[in-house]
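**Q** Below is the file final-v6.cif, which contains mmCIF, C-alpha atoms and all ligand atoms.
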data_model
loop_
_atom_site.label_atom_id
_atom_site.label_comp_id
_atom_site.auth_asym_id
_atom_site.auth_seq_id
_atom_site.Cartn_x
_atom_site.Cartn_y
_atom_site.Cartn_z
CA MET A 1 2.62 -3.96 -16.34
CA ALA A 2 4.07 -4.96 -19.65
CA VAL A 3 5.38 -1.43 -19.97
CA LEU A 4 6.37 -0.72 -16.40
CA GLY A 5 8.67 -3.72 -16.13
CA PRO A 6 11.09 -2.83 -18.93
CA LEU A 7 10.93 0.89 -18.15
CA LEU A 8 11.73 0.40 -14.50
CA ARG A 9 14.50 -1.97 -15.40
CA ALA A 10 15.96 0.65 -17.70
CA ARG A 11 15.58 3.37 -15.10
CA SER A 12 17.18 1.45 -12.30
CA SER A 13 20.42 1.41 -14.23
CA THR A 14 20.33 5.09 -15.20
CA THR A 15 21.49 8.01 -13.11
CA ILE A 16 19.01 10.10 -11.18
CA SER A 17 19.72 13.18 -13.30
CA SER A 18 18.66 11.38 -16.44
CA MET A 19 15.43 10.21 -14.84
CA ALA A 20 13.41 13.33 -15.50
CA SER A 21 14.08 13.29 -19.23
CA THR A 22 13.36 9.58 -19.40
CA ILE A 23 10.07 10.14 -17.61
CA ARG A 24 9.16 12.98 -19.96
CA ALA A 25 10.01 10.84 -22.95
CA PHE A 26 7.80 8.05 -21.74
CA SER A 27 5.00 10.35 -20.66
CA SER A 28 4.70 11.72 -24.18
CA CYS A 29 4.51 8.24 -25.70
CA SER A 30 1.03 7.03 -26.44
CA THR A 31 0.13 4.78 -23.57
CA PRO A 32 -0.95 1.25 -24.40
CA ASN A 33 -4.55 0.18 -24.10
CA PHE A 34 -4.15 -0.51 -20.44
CA GLY A 35 -7.05 0.18 -18.15
CA ASN A 36 -8.02 3.14 -20.31
CA ASP A 37 -11.64 2.11 -20.30
CA LEU A 38 -11.95 2.36 -16.53
CA LYS A 39 -14.29 5.00 -15.26
CA PRO A 40 -12.56 7.86 -13.48
CA PRO A 41 -12.79 7.38 -9.71
CA SER A 42 -14.35 10.81 -9.31
CA LEU A 43 -17.52 9.05 -10.42
CA LEU A 44 -17.23 6.76 -7.41
CA ALA A 45 -19.94 8.49 -5.48
CA GLN A 46 -22.46 8.16 -8.28
CA LYS A 47 -21.66 4.84 -9.93
CA PRO A 48 -20.41 1.44 -8.86
CA LEU A 49 -16.82 0.66 -9.80
CA PRO A 50 -16.70 -1.26 -13.06
CA LEU A 51 -14.97 -4.28 -11.60
CA ARG A 52 -14.83 -7.65 -13.27
CA HIS A 53 -13.16 -10.88 -12.36
CA ASP A 54 -12.38 -11.51 -16.02
CA PRO A 55 -8.82 -10.32 -16.62
CA GLN A 56 -9.59 -9.89 -20.32
CA ASP A 57 -12.16 -7.31 -19.41
CA ARG A 58 -10.74 -4.78 -16.99
CA THR A 59 -7.93 -4.51 -14.51
CA VAL A 60 -7.56 -3.17 -11.00
CA GLN A 61 -4.55 -0.87 -10.68
CA TRP A 62 -4.88 0.65 -7.28
CA VAL A 63 -2.66 2.31 -4.71
CA PHE A 64 -3.05 2.31 -0.95
CA LEU A 65 -1.81 5.36 0.96
CA GLY A 66 -1.75 5.94 4.70
CA CYS A 67 0.56 6.47 7.65
CA PRO A 68 2.86 3.62 8.65
CA GLY A 69 0.87 1.28 10.89
CA VAL A 70 -2.57 2.44 9.76
CA GLY A 71 -3.34 -1.04 8.43
CA LYS A 72 -2.73 -0.56 4.71
CA GLY A 73 -1.34 -4.05 4.43
CA THR A 74 -4.32 -5.68 6.09
CA TYR A 75 -6.95 -3.92 3.99
CA ALA A 76 -4.96 -4.09 0.76
CA SER A 77 -4.43 -7.80 1.23
CA ARG A 78 -8.13 -8.41 1.93
CA LEU A 79 -9.12 -6.46 -1.16
CA CYS A 80 -6.59 -8.38 -3.22
CA ASN A 81 -8.12 -11.68 -2.15
CA LEU A 82 -11.54 -10.36 -2.99
CA LEU A 83 -10.51 -9.07 -6.42
CA SER A 84 -7.98 -11.80 -7.28
CA VAL A 85 -5.09 -9.43 -7.86
CA PRO A 86 -1.65 -9.50 -6.21
CA HIS A 87 -0.88 -7.37 -3.18
CA ILE A 88 2.47 -5.74 -3.80
CA ALA A 89 3.90 -4.22 -0.65
CA THR A 90 7.21 -2.46 -1.08
CA GLY A 91 7.82 -2.98 2.66
CA ASP A 92 7.70 -6.74 2.05
CA LEU A 93 10.00 -6.39 -0.94
CA VAL A 94 12.47 -4.52 1.25
CA ARG A 95 12.25 -7.12 4.03
CA GLU A 96 12.72 -9.96 1.55
CA GLU A 97 15.81 -8.27 0.19
CA LEU A 98 17.05 -7.68 3.76
CA SER A 99 16.78 -11.36 4.62
CA SER A 100 18.30 -12.42 1.30
CA SER A 101 21.77 -11.16 2.26
CA GLY A 102 21.95 -9.82 -1.29
CA PRO A 103 24.17 -6.88 -2.28
CA LEU A 104 21.61 -4.31 -1.01
CA ALA A 105 20.99 -5.97 2.35
CA SER A 106 23.47 -4.13 4.59
CA GLN A 107 22.69 -0.76 3.01
CA LEU A 108 18.97 -1.39 3.55
CA ALA A 109 19.43 -2.52 7.15
CA GLU A 110 21.03 0.79 8.08
CA ILE A 111 18.29 2.86 6.42
CA VAL A 112 15.39 0.84 7.85
CA ASN A 113 16.77 0.72 11.39
CA GLN A 114 16.92 4.50 11.44
CA GLY A 115 13.31 4.78 10.27
CA LYS A 116 14.41 6.54 7.09
CA LEU A 117 12.86 6.09 3.67
CA VAL A 118 14.58 3.77 1.25
CA SER A 119 15.67 5.67 -1.86
CA ASP A 120 13.48 5.81 -4.97
CA GLU A 121 16.13 3.96 -6.95
CA ILE A 122 16.24 1.00 -4.60
CA ILE A 123 12.45 0.79 -4.31
CA ILE A 124 11.98 1.03 -8.07
CA ASN A 125 14.61 -1.63 -8.57
CA LEU A 126 12.81 -4.00 -6.19
CA LEU A 127 9.34 -3.19 -7.57
CA SER A 128 10.57 -3.73 -11.09
CA LYS A 129 11.84 -7.19 -10.23
CA ARG A 130 8.53 -8.03 -8.54
CA LEU A 131 6.38 -6.85 -11.46
CA GLU A 132 8.47 -8.76 -13.95
CA ALA A 133 8.13 -11.92 -11.91
CA GLY A 134 4.36 -11.35 -11.74
CA GLU A 135 4.13 -10.68 -15.42
CA ALA A 136 5.88 -13.95 -16.11
CA LYS A 137 3.25 -15.69 -14.00
CA GLY A 138 0.43 -13.99 -15.91
CA GLU A 139 -0.73 -11.63 -13.18
CA ILE A 140 -3.28 -9.01 -14.21
CA GLY A 141 -3.62 -5.87 -12.10
CA PHE A 142 -2.33 -5.18 -8.61
CA ILE A 143 -2.78 -3.20 -5.47
CA LEU A 144 0.36 -1.28 -4.52
CA ASP A 145 1.02 -0.79 -0.82
CA GLY A 146 3.80 1.57 0.19
CA PHE A 147 4.40 2.93 -3.30
CA PRO A 148 4.47 5.68 -4.45
CA ARG A 149 5.86 7.32 -1.31
CA THR A 150 7.19 10.48 -2.86
CA ILE A 151 6.05 12.90 -5.52
CA ARG A 152 8.86 11.72 -7.75
CA GLN A 153 7.74 8.09 -7.44
CA ALA A 154 4.16 9.17 -8.20
CA GLU A 155 5.35 10.98 -11.32
CA ILE A 156 7.35 7.96 -12.45
CA LEU A 157 4.31 5.76 -12.00
CA GLU A 158 2.01 8.20 -13.78
CA GLY A 159 4.38 8.33 -16.71
CA VAL A 160 4.05 4.62 -17.37
CA MET A 161 0.64 3.47 -16.25
CA ASN A 162 -2.84 4.46 -15.37
CA ILE A 163 -3.56 4.19 -11.67
CA ASP A 164 -7.33 3.91 -11.39
CA LEU A 165 -7.84 4.68 -7.76
CA VAL A 166 -5.87 5.74 -4.70
CA ILE A 167 -7.32 4.83 -1.33
CA ASN A 168 -6.08 7.01 1.52
CA LEU A 169 -6.56 5.25 4.87
CA LYS A 170 -6.61 7.59 7.84
CA LEU A 171 -6.49 7.11 11.60
CA ARG A 172 -5.91 9.72 14.33
CA GLU A 173 -2.29 9.90 15.42
CA ASP A 174 -2.63 8.91 19.10
CA ALA A 175 -4.41 5.69 18.07
CA LEU A 176 -1.80 5.09 15.36
CA LEU A 177 1.12 5.29 17.77
CA VAL A 178 -0.44 2.88 20.28
CA LYS A 179 -1.29 0.52 17.45
CA CYS A 180 2.23 0.57 16.01
CA LEU A 181 3.79 -0.15 19.39
CA GLY A 182 1.40 -3.09 19.85
CA ARG A 183 2.55 -4.96 16.75
CA ARG A 184 3.98 -8.43 17.31
CA ILE A 185 5.18 -11.15 14.97
CA CYS A 186 5.30 -14.87 15.70
CA SER A 187 8.93 -15.86 15.43
CA GLU A 188 7.93 -19.34 14.33
CA CYS A 189 5.15 -18.95 11.72
CA GLY A 190 5.56 -15.24 10.89
CA GLY A 191 1.95 -14.46 11.83
CA ASN A 192 1.15 -10.78 12.49
CA TYR A 193 -0.67 -9.82 15.68
CA ASN A 194 -1.40 -6.72 17.72
CA ILE A 195 -1.65 -6.64 21.49
CA ALA A 196 -2.83 -3.01 21.67
CA SER A 197 -6.35 -2.41 22.85
CA ILE A 198 -7.62 0.99 21.77
CA ASP A 199 -10.74 2.57 23.19
CA ILE A 200 -10.81 6.32 22.67
CA LYS A 201 -14.04 8.07 23.66
CA GLY A 202 -15.52 10.50 21.20
CA GLU A 203 -15.22 14.19 22.15
CA ASN A 204 -16.01 17.59 20.66
CA GLY A 205 -18.10 16.02 17.94
CA SER A 206 -15.38 13.66 16.74
CA PRO A 207 -16.31 9.98 16.91
CA GLY A 208 -14.59 7.62 19.32
CA ILE A 209 -12.47 4.73 18.10
CA TYR A 210 -12.55 1.19 19.36
CA MET A 211 -9.98 -1.30 18.11
CA ALA A 212 -9.78 -4.70 19.69
CA PRO A 213 -6.37 -6.34 19.94
CA LEU A 214 -5.55 -9.01 17.39
CA LEU A 215 -4.35 -11.69 19.77
CA PRO A 216 -2.34 -14.72 18.64
CA PRO A 217 -3.58 -18.30 18.94
CA PRO A 218 -2.16 -20.15 21.97
CA HIS A 219 0.59 -21.91 19.98
CA CYS A 220 2.03 -18.54 18.87
CA ALA A 221 1.54 -16.63 22.12
CA SER A 222 4.87 -17.58 23.67
CA LYS A 223 6.83 -16.90 20.48
CA LEU A 224 5.92 -13.27 19.86
CA ILE A 225 8.62 -10.80 18.94
CA THR A 226 8.61 -7.07 18.24
CA ARG A 227 10.13 -5.86 15.02
CA SER A 228 13.35 -3.97 15.73
CA ASP A 229 11.95 -0.89 13.97
CA ASP A 230 8.78 -0.73 16.09
CA THR A 231 10.23 1.36 18.92
CA GLU A 232 8.53 4.62 19.88
CA GLU A 233 11.45 6.65 18.59
CA VAL A 234 11.48 4.95 15.20
CA VAL A 235 7.68 4.97 14.87
CA LYS A 236 7.59 8.73 15.55
CA GLU A 237 10.38 9.26 13.04
CA ARG A 238 8.43 7.24 10.45
CA LEU A 239 5.35 9.40 11.01
CA ARG A 240 7.41 12.57 10.68
CA VAL A 241 9.04 11.34 7.46
CA TYR A 242 5.66 10.23 6.16
CA LYS A 243 4.15 13.67 6.67
CA GLU A 244 7.06 15.35 5.00
CA MET A 245 7.39 13.05 2.00
CA THR A 246 4.07 11.36 1.41
CA GLN A 247 1.36 13.85 2.25
CA PRO A 248 2.24 15.75 -0.95
CA VAL A 249 1.51 12.46 -2.76
CA GLU A 250 -2.04 12.60 -1.37
CA GLU A 251 -2.37 16.07 -2.87
CA PHE A 252 -0.94 14.80 -6.18
CA TYR A 253 -3.76 12.27 -6.50
CA ARG A 254 -6.41 14.54 -4.96
CA SER A 255 -5.78 17.10 -7.68
CA ARG A 256 -6.32 14.37 -10.28
CA GLY A 257 -9.63 13.30 -8.76
CA LYS A 258 -8.26 9.85 -7.92
CA LEU A 259 -8.07 10.05 -4.14
CA LEU A 260 -10.64 8.29 -2.02
CA GLU A 261 -10.33 9.44 1.60
CA PHE A 262 -11.31 6.83 4.13
CA ASP A 263 -11.35 7.51 7.89
CA LEU A 264 -11.02 4.22 9.72
CA PRO A 265 -13.92 3.99 12.17
CA GLY A 266 -12.16 1.31 14.26
CA GLY A 267 -10.73 -2.15 13.86
CA ILE A 268 -11.31 -4.59 11.02
CA PRO A 269 -14.86 -5.62 12.02
CA GLU A 270 -15.99 -1.98 12.01
CA SER A 271 -13.89 -0.79 9.08
CA TRP A 272 -14.02 -3.57 6.47
CA PRO A 273 -17.75 -3.39 5.69
CA LYS A 274 -17.57 0.41 5.53
CA LEU A 275 -14.57 0.29 3.21
CA LEU A 276 -16.40 -2.08 0.86
CA GLN A 277 -19.34 0.28 0.96
CA ALA A 278 -17.12 3.24 0.07
CA LEU A 279 -15.76 1.24 -2.89
CA ASN A 280 -19.18 0.01 -3.97
CA LEU A 281 -17.95 -3.53 -3.48
CA GLU A 282 -20.45 -4.82 -0.91
CA HIS A 283 -22.34 -6.82 -3.48
CA TYR A 284 -19.10 -8.07 -4.95
CA ASP A 285 -18.15 -9.43 -1.54
CA LYS A 286 -21.49 -11.21 -1.16
CA LYS A 287 -21.27 -12.64 -4.67
CA SER A 288 -17.77 -14.01 -4.16
CA ALA A 289 -18.74 -15.38 -0.74
CA ALA A 290 -21.70 -17.15 -2.32
CA ALA A 291 -19.65 -18.49 -5.25
ZN ZN A 301 3.01 -18.75 15.10
#
Kindly return the structure encoded in the file as structure tokens.
Ligand SMILES: [Zn+2]
**A**
Amino acid sequence: MAVLGPLLRARSSTTISSMASTIRAFSSCSTPNFGNDLKPPSLLAQKPLPLRHDPQDRTVQWVFLGCPGVGKGTYASRLCNLLSVPHIATGDLVREELSSSGPLASQLAEIVNQGKLVSDEIIINLLSKRLEAGEAKGEIGFILDGFPRTIRQAEILEGVMNIDLVINLKLREDALLVKCLGRRICSECGGNYNIASIDIKGENGSPGIYMAPLLPPPHCASKLITRSDDTEEVVKERLRVYKEMTQPVEEFYRSRGKLLEFDLPGGIPESWPKLLQALNLEHYDKKSAAA
């Protein structure tokens, strides 16, 4: 993070055409001793992840990929609590900037309301500010959620730091759409809920999916609102853009042996234990629960 901060700051003020040469220049630099001792994730299947709570020992530098609405935020945030690292969601960074009425706010509002992707420059600018703030607070490691979204962002990231593991969360598209349209936010406390109840029967050998709704407590129930970008039209556009821009990012990490594919078997109660199992973190969870 010590490196990414200044680099991203520098890049955000350079033109796009000069980016490639900057990236090349940084890629050829010797990288600092930063997570270099982590075992490659391709060993995941054979060996437990070498995770430690001690920040002096090793860091977690992970990325969460997956379609909009698949639940990246939920699982990333749970893992962050478990591993004591910050959950950095570029979607949150964008929303914070939107509500800040800063110089980027009106530009962002237009892009987001159309379901389009925010440009690499803007995202990198926001991420850079967030990492610097974290660095100042002494944060070690992170889980990125919503970044990188494009091959170019993935290349920028690779040029400056070692991403240990990329978790690709997957859910079939019909379930995804219903789930996205069921999202609700409490206008008072900001709590996230989902009123969709998904129960798809298994057919032709593929397993069924059951996802219970995540209903609000009574004091929030009358204050639920739908985000303005959660309409069917915008959700479908987000999925289309995701496929076009981000699926190549999956391939980018797959080819480097860093991609862990995870098919969500259902809602949180079904999926969380299986995800921990896939990450060899079940015992970690028990240990931290007992501590
Ligand atoms: Zn509430």
**Q** Ranking A:Phe142, A:Trp62, A:Phe262, A:Tyr193 by minimum distance to ligand ZN 301 (chain A) and counting only C-alpha atoms and all ligand atoms, which one comes first?
**A**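 Closest to ligand ZN 301 (chain A) of all the choices is A:Tyr193.
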**Q** Counting all atoms listed in the file, which residues of chain A sit at most 8 Å from some atom of ligand ZN 301 (chain A), and what is each one's closest atom pair with its distance in Å to one decimal, listed by chain and rising residue number, as a Markdown table?
**A**
| residue | atom | partner | partner_atom | distance |
| --- | --- | --- | --- | --- |
| A:Ile185 | CA | A:ZN301 | ZN | 7.9 |
| A:Cys186 | CA | A:ZN301 | ZN | 4.5 |
| A:Ser187 | CA | A:ZN301 | ZN | 6.6 |
| A:Glu188 | CA | A:ZN301 | ZN | 5.0 |
| A:Cys189 | CA | A:ZN301 | ZN | 4.0 |
| A:Gly190 | CA | A:ZN301 | ZN | 6.0 |
| A:Gly191 | CA | A:ZN301 | ZN | 5.5 |
| A:Pro216 | CA | A:ZN301 | ZN | 7.6 |
| A:Pro217 | CA | A:ZN301 | ZN | 7.6 |
| A:His219 | CA | A:ZN301 | ZN | 6.3 |
| A:Cys220 | CA | A:ZN301 | ZN | 3.9 |
| A:Ala221 | CA | A:ZN301 | ZN | 7.5 |
| A:Lys223 | CA | A:ZN301 | ZN | 6.9 |
| A:Leu224 | CA | A:ZN301 | ZN | 7.8 |
**Q** Work out how far atom CA of Phe147 of chain A is from atom CA of Gly69 of chain A, in Å to one decimal.
**A**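 Atom CA of Phe147 of chain A lies 14.7 Å from atom CA of Gly69 of chain A.
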**Q** Ranking A:Lys179, A:Lys116, A:Lys129, A:Lys274 by minimum distance to Tyr210 of chain A and counting all atoms listed in the file, which one comes first?
**A** A:Lys179
**Q** Choose the residue, out of A:Val178, A:Leu260, A:Val160, A:Val94, that has the smallest atom-to-atom separation from Ala278 of chain A; count all atoms listed in the file.
**A**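 Result for the nearest residue to Ala278 of chain A: A:Leu260.
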**Q** Using atom CA of Arg183 of chain A and atom CA of Asp92 of chain A as the two end points, give the distance in Å to one decimal.
**A**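 Separation between atom CA of Arg183 of chain A and atom CA of Asp92 of chain A: 15.7 Å.
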**Q** Scan for residues within 9 Å of the point (-2.4, -7.3, 20.1) in the coordinates of the file, using all atoms listed in the file, and reply as a PyMOL selection string.
**A** chain A and resi 179+182-184+193-197+212-216
**Q** In Å to one decimal, how far is atom CA of Lys258 of chain A from atom CA of Val166 of chain A?
**A** 5.7 Å
**Q** Box for segment 85-98 of chain A: with edges along x, y and z, all listed atoms inside and 4 Å added on each side, what are the centre and edge lengths in Å to one decimal, as JSON?
**A**
{"center_x": 6.0, "center_y": -6.2, "center_z": -1.9, "size_x": 30.1, "size_y": 15.5, "size_z": 19.9}
**Q** Which residue gives the smallest distance to Phe252 of chain A among A:Gln61, A:Gln277, A:Gln153, A:Ser101, with all atoms listed in the file counted?
**A**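 Of the candidates, the smallest distance to Phe252 of chain A is held by A:Gln153.
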**Q** Just checking: using all atoms listed in the file, which residue out of A:Gly141, A:Pro86, A:Gly115, A:Gly146 ends up closest to Phe64 of chain A?
**A**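 Closest candidate: A:Gly146.
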**Q** Listing only residues of segment 209-232 of chain A within 12 Å of segment 236-248 of chain A, what is the closest atom pair and its distance in Å (to one decimal) for each, using all atoms listed in the file, sorted by chain and residue number ascending, as a Markdown table?
**A**
| residue | atom | partner | partner_atom | distance |
| --- | --- | --- | --- | --- |
| A:Asp229 | CA | A:Arg238 | CA | 9.5 |
| A:Asp230 | CA | A:Lys236 | CA | 9.5 |
| A:Thr231 | CA | A:Lys236 | CA | 8.5 |
| A:Glu232 | CA | A:Lys236 | CA | 6.0 |
**Q** Restricting the calculation to all atoms listed in the file, which member of A:Asn204, A:Ser128, A:Tyr253, A:Met211 is positioned closest to Glu155 of chain A?
**A**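 Of A:Asn204, A:Ser128, A:Tyr253, A:Met211, the one nearest Glu155 of chain A is A:Tyr253, counting all atoms listed in the file.
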